[in-house]
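This report concerns only the one structure given below.
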Amino acid sequence: MSKIDFFTVVIHRDFPLGRVSQVCIKLNPSGRIYVIFLVEEPEAKEQSSEGEPKRAVGVDLGIARLATLSDGRFLENPRPLEHALERIRVLQRALSRKRFLTNNWLKAKRRLAKEHEHVRDFRRDLFFKLGALLAQEYDVLVLEDLNVRDLIQKGETKKRKMGLYDSSFSEIRRILEWQFLKRGKQVLPVPSYNTSRECFLCGGINQNLTLEDRVFHCPHCGFTLDRDLNASLVLLKRAGWVPPGVPVELRPIPPLSTLGLAKGRQGGVLR
Ligand SMILES: [Zn+2]
């Protein structure tokens with residue numbers, strides 16, 4: 001490390017420098033160097049405020065809308081992320097036209113690696129912030145206990161997108177769970193069977209619901225609600241929780257800038 005000389009570090013999280021127990025240096029295929037600080041945190045304590053009822057949230061994960069919460073809030077797949085995914089497709093095509101191991105090929109390869117890294121970092125940052133937000137407000141997180149492949153095949157027919165979303169689903173689950181567990185809170189995975197087809201109100205099944213239907217309409221009792229919101233409420237119900245009421249409308253999670261969705265890089269600079 002003494003050979004690297006002085007450099008500028010972009011810090012993405014606030015942390016007490018005194019609690020750093022380990023520092024790792026990582027060189028990525030894109031050529032970017034990461035400095036990872038391992039910070040010791042005090043042990044998580046069960047945060048059950050005595051006597052107060054626990055609050056639970058059901059989270060439905062999807063592709064068009066990243067997360068829909070049983071309280072009516074949702075998180076769209078952010079546009080910068082969509083754009084980055086589009087750039088990856090373009091770069092992949094460019095790479096395939098270059099001759100293997102030539103200078104131009106190597107250059108294209110590195111550019112692609114950089115874009116992949118950007119997407120991964122952007123997502124991870126977003127997932128961490130969503131997890132922190134939920135774990136602050138709720139004691140119990142209810143998620144679909146699902147096979148990721150099933151979900152993608154159900155929701156996305158274009159195969160080329162699969163690889164890009166595949167890792168994303170397992171990661172968002174892992175990060176959300178981690179955020180709850182580290183605060184001593186609870187995560188309840190519930191069976192995913194028919195969650196989008198079941199009516200939250202009467203429990204009847206809408207067999208005719210197709211992937212294109214964004215609105216759930218119950219043929220048995222007439223209950224009508226946004227498809228993903230209904231699914232998140234069904235999840236909550238399967239975990240044994242009853243929401244205080246059915247949210248009347250969907251609201252985007254605001255403000256996006258504080259969730260790290262603002263353009264440009266976040267974090268301060270340490271010299
Ligand atoms: Zn119904």
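Chain labels A, B, ... are given in the sequence in which chains occur in the structure tokens; within each chain residues are numbered consecutively from 1, and ligands are likewise numbered from 1 in the order shown.
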(request) Give as JSON, numbers by chain the residues surrounding ligand 1 up to a distance of 10 Å, considering only C-alpha atoms and all ligand atoms. (result) {"A": [198, 199, 200, 201, 202, 203, 204, 205, 206, 216, 217, 218, 219, 220, 221, 222, 223, 224]}
Save the residues we just selected, N, CA and C atoms, as an mmCIF file, in the first residue's frame?
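Wrote out_29.cif, looks like this:
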```
data_model
loop_
_atom_site.group_PDB
_atom_site.id
_atom_site.type_symbol
_atom_site.label_atom_id
_atom_site.label_comp_id
_atom_site.auth_asym_id
_atom_site.auth_seq_id
_atom_site.Cartn_x
_atom_site.Cartn_y
_atom_site.Cartn_z
ATOM 1 N N GLU A 198 -54.721 -14.013 -5.683
ATOM 2 C CA GLU A 198 -55.648 -14.117 -4.559
ATOM 3 C C GLU A 198 -56.231 -12.751 -4.208
ATOM 4 N N CYS A 199 -57.510 -12.734 -3.856
ATOM 5 C CA CYS A 199 -58.148 -11.485 -3.438
ATOM 6 C C CYS A 199 -57.842 -11.248 -1.965
ATOM 7 N N PHE A 200 -57.336 -10.052 -1.666
ATOM 8 C CA PHE A 200 -57.003 -9.754 -0.279
ATOM 9 C C PHE A 200 -58.248 -9.761 0.592
ATOM 10 N N LEU A 201 -59.363 -9.292 0.017
ATOM 11 C CA LEU A 201 -60.569 -9.114 0.815
ATOM 12 C C LEU A 201 -61.280 -10.432 1.129
ATOM 13 N N CYS A 202 -61.548 -11.253 0.086
ATOM 14 C CA CYS A 202 -62.356 -12.449 0.327
ATOM 15 C C CYS A 202 -61.552 -13.739 0.204
ATOM 16 N N GLY A 203 -60.314 -13.650 -0.267
ATOM 17 C CA GLY A 203 -59.489 -14.850 -0.392
ATOM 18 C C GLY A 203 -59.790 -15.665 -1.637
ATOM 19 N N GLY A 204 -60.733 -15.197 -2.452
ATOM 20 C CA GLY A 204 -61.045 -15.892 -3.706
ATOM 21 C C GLY A 204 -59.897 -15.762 -4.695
ATOM 22 N N ILE A 205 -59.888 -16.641 -5.694
ATOM 23 C CA ILE A 205 -58.797 -16.632 -6.662
ATOM 24 C C ILE A 205 -59.300 -16.123 -8.011
ATOM 25 N N ASN A 206 -58.555 -15.186 -8.584
ATOM 26 C CA ASN A 206 -58.879 -14.700 -9.916
ATOM 27 C C ASN A 206 -58.001 -15.441 -10.923
ATOM 28 N N PHE A 216 -56.049 -5.537 -10.091
ATOM 29 C CA PHE A 216 -56.686 -6.779 -9.685
ATOM 30 C C PHE A 216 -58.176 -6.538 -9.512
ATOM 31 N N HIS A 217 -58.972 -7.387 -10.151
ATOM 32 C CA HIS A 217 -60.415 -7.279 -9.961
ATOM 33 C C HIS A 217 -60.937 -8.648 -9.539
ATOM 34 N N CYS A 218 -61.574 -8.683 -8.385
ATOM 35 C CA CYS A 218 -62.027 -9.965 -7.868
ATOM 36 C C CYS A 218 -63.374 -10.362 -8.468
ATOM 37 N N PRO A 219 -63.427 -11.531 -9.144
ATOM 38 C CA PRO A 219 -64.690 -11.970 -9.748
ATOM 39 C C PRO A 219 -65.690 -12.449 -8.705
ATOM 40 N N HIS A 220 -65.237 -12.669 -7.458
ATOM 41 C CA HIS A 220 -66.127 -13.207 -6.421
ATOM 42 C C HIS A 220 -66.808 -12.105 -5.612
ATOM 43 N N CYS A 221 -66.010 -11.102 -5.180
ATOM 44 C CA CYS A 221 -66.605 -10.070 -4.313
ATOM 45 C C CYS A 221 -66.539 -8.671 -4.926
ATOM 46 N N GLY A 222 -65.874 -8.549 -6.073
ATOM 47 C CA GLY A 222 -65.840 -7.247 -6.726
ATOM 48 C C GLY A 222 -64.732 -6.322 -6.266
ATOM 49 N N PHE A 223 -63.908 -6.771 -5.319
ATOM 50 C CA PHE A 223 -62.813 -5.967 -4.801
ATOM 51 C C PHE A 223 -61.871 -5.597 -5.941
ATOM 52 N N THR A 224 -61.513 -4.318 -6.042
ATOM 53 C CA THR A 224 -60.634 -3.862 -7.109
ATOM 54 C C THR A 224 -59.479 -3.054 -6.516
#
```
(message) Using only C-alpha atoms, which protein or nucleic acid residues come within 9 Å of stretch 111-119 of chain A? Drop anything in the same chain fewer than 6 positions from it, and give the result as a list in words.
(response)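 Once the adjacent positions are removed, what remains is Asn28, Pro29, Ser30, Gly31, Arg32, Leu81, Ala84, Leu85, Arg87, Ile88, Leu91, Gln92 and Leu95 of chain A.
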Using 10 Å as the limit and counting only C-alpha atoms, can you tabulate each residue of stretch 55-139 of chain A that touches stretch 228-248 of chain A, with its shortest atom-to-atom distance in Å and the two atoms involved, as JSON lines?
```
{"residue": "A:Arg55", "atom": "CA", "partner": "A:Pro243", "partner_atom": "CA", "distance": 9.0}
{"residue": "A:Ala56", "atom": "CA", "partner": "A:Trp241", "partner_atom": "CA", "distance": 7.2}
{"residue": "A:Val57", "atom": "CA", "partner": "A:Leu236", "partner_atom": "CA", "distance": 6.7}
{"residue": "A:Gly58", "atom": "CA", "partner": "A:Leu236", "partner_atom": "CA", "distance": 4.9}
{"residue": "A:Val59", "atom": "CA", "partner": "A:Ser232", "partner_atom": "CA", "distance": 5.3}
{"residue": "A:Asp60", "atom": "CA", "partner": "A:Ser232", "partner_atom": "CA", "distance": 4.9}
{"residue": "A:Leu61", "atom": "CA", "partner": "A:Asp228", "partner_atom": "CA", "distance": 8.3}
{"residue": "A:Gly62", "atom": "CA", "partner": "A:Asp228", "partner_atom": "CA", "distance": 8.0}
{"residue": "A:Arg65", "atom": "CA", "partner": "A:Asp228", "partner_atom": "CA", "distance": 8.5}
{"residue": "A:Ala67", "atom": "CA", "partner": "A:Asp228", "partner_atom": "CA", "distance": 8.5}
{"residue": "A:Thr68", "atom": "CA", "partner": "A:Leu229", "partner_atom": "CA", "distance": 6.0}
{"residue": "A:Leu69", "atom": "CA", "partner": "A:Ser232", "partner_atom": "CA", "distance": 6.1}
{"residue": "A:Ser70", "atom": "CA", "partner": "A:Ser232", "partner_atom": "CA", "distance": 5.0}
{"residue": "A:Asp71", "atom": "CA", "partner": "A:Pro247", "partner_atom": "CA", "distance": 6.0}
{"residue": "A:Gly72", "atom": "CA", "partner": "A:Pro247", "partner_atom": "CA", "distance": 5.3}
{"residue": "A:Arg73", "atom": "CA", "partner": "A:Leu229", "partner_atom": "CA", "distance": 8.7}
{"residue": "A:Phe74", "atom": "CA", "partner": "A:Leu229", "partner_atom": "CA", "distance": 8.7}
```
Could you dump the residues just selected with C-alpha atoms as a compact mmCIF listing (two decimals), in the first residue's frame?
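Generated output (result_1.txt):
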```txt
# COMPACT_ATOMS: atom_id res chain seq x y z
CA ARG A 55 -45.94 -2.94 13.00
CA ALA A 56 -45.60 -5.16 9.95
CA VAL A 57 -45.15 -4.38 6.28
CA GLY A 58 -45.69 -6.65 3.29
CA VAL A 59 -43.37 -6.04 0.35
CA ASP A 60 -44.14 -7.22 -3.16
CA LEU A 61 -41.10 -7.22 -5.44
CA GLY A 62 -41.50 -6.79 -9.16
CA ARG A 65 -42.24 -1.45 -9.99
CA ALA A 67 -41.18 -2.72 -4.55
CA THR A 68 -44.80 -2.18 -3.55
CA LEU A 69 -45.51 -1.88 0.17
CA SER A 70 -48.72 -2.91 1.90
CA ASP A 71 -49.03 0.67 3.20
CA GLY A 72 -49.56 1.89 -0.36
CA ARG A 73 -46.08 3.24 -1.01
CA PHE A 74 -44.01 2.01 -3.90
```
(request) Have a look at A:Ile253, A:Leu181, A:Leu134, A:Leu209 and name the one nearest to A:Asn194; count only C-alpha atoms. (result)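 Under the stated criterion, the closest residue is A:Leu209.
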(request) For each of A:Glu52, A:Leu225, A:Val23, A:Leu188, take the minimum atom-to-atom distance to A:Glu249, counting only C-alpha atoms, then give the residue where this is smallest. (result)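 Checking each candidate against A:Glu249, we get A:Leu225 as the closest.
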(request) Pull the alpha helix (DSSP H) assignments for stretch 18-267 of chain A out of DSSP run on the backbone, and list those residues as a PyMOL selection string. (result) chain A and resi 79-97+103-137+148-155+159-182+227-238
(request) Would you mind listing what lies within 10 Å of A:Leu133 as an MDAnalysis selection string, with only C-alpha atoms counted and same-chain residues fewer than 3 positions away left out? (result) chainID A and resid 127:130 136:138 176 179 253 259
Save the residues we just selected, N, CA and C atoms, as an mmCIF file, in the first residue's frame?
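Everything below was put into part_15.cif:
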```cif
data_model
loop_
_atom_site.group_PDB
_atom_site.id
_atom_site.type_symbol
_atom_site.label_atom_id
_atom_site.label_comp_id
_atom_site.auth_asym_id
_atom_site.auth_seq_id
_atom_site.Cartn_x
_atom_site.Cartn_y
_atom_site.Cartn_z
ATOM 1 N N PHE A 127 -31.046 -0.271 -2.481
ATOM 2 C CA PHE A 127 -31.610 -1.326 -1.645
ATOM 3 C C PHE A 127 -31.303 -1.079 -0.167
ATOM 4 N N PHE A 128 -30.079 -0.632 0.094
ATOM 5 C CA PHE A 128 -29.702 -0.353 1.483
ATOM 6 C C PHE A 128 -30.564 0.760 2.056
ATOM 7 N N LYS A 129 -30.807 1.790 1.232
ATOM 8 C CA LYS A 129 -31.600 2.909 1.731
ATOM 9 C C LYS A 129 -33.057 2.534 1.914
ATOM 10 N N LEU A 130 -33.571 1.733 1.010
ATOM 11 C CA LEU A 130 -34.952 1.259 1.163
ATOM 12 C C LEU A 130 -35.058 0.395 2.417
ATOM 13 N N GLN A 136 -36.682 1.255 9.874
ATOM 14 C CA GLN A 136 -36.922 2.331 10.840
ATOM 15 C C GLN A 136 -38.392 2.383 11.229
ATOM 16 N N GLU A 137 -39.240 2.098 10.235
ATOM 17 C CA GLU A 137 -40.671 2.291 10.458
ATOM 18 C C GLU A 137 -41.406 1.036 10.915
ATOM 19 N N TYR A 138 -40.821 -0.123 10.596
ATOM 20 C CA TYR A 138 -41.552 -1.365 10.871
ATOM 21 C C TYR A 138 -40.739 -2.345 11.713
ATOM 22 N N LEU A 176 -32.638 -6.270 2.374
ATOM 23 C CA LEU A 176 -33.779 -5.906 3.222
ATOM 24 C C LEU A 176 -33.777 -6.756 4.500
ATOM 25 N N GLN A 179 -31.059 -5.657 6.910
ATOM 26 C CA GLN A 179 -31.372 -4.406 7.592
ATOM 27 C C GLN A 179 -32.314 -4.632 8.778
ATOM 28 N N ILE A 253 -42.424 6.599 -3.006
ATOM 29 C CA ILE A 253 -41.643 6.879 -1.801
ATOM 30 C C ILE A 253 -40.856 8.174 -1.989
ATOM 31 N N LEU A 259 -33.030 9.321 -0.999
ATOM 32 C CA LEU A 259 -32.811 7.877 -1.109
ATOM 33 C C LEU A 259 -31.590 7.582 -1.976
#
```
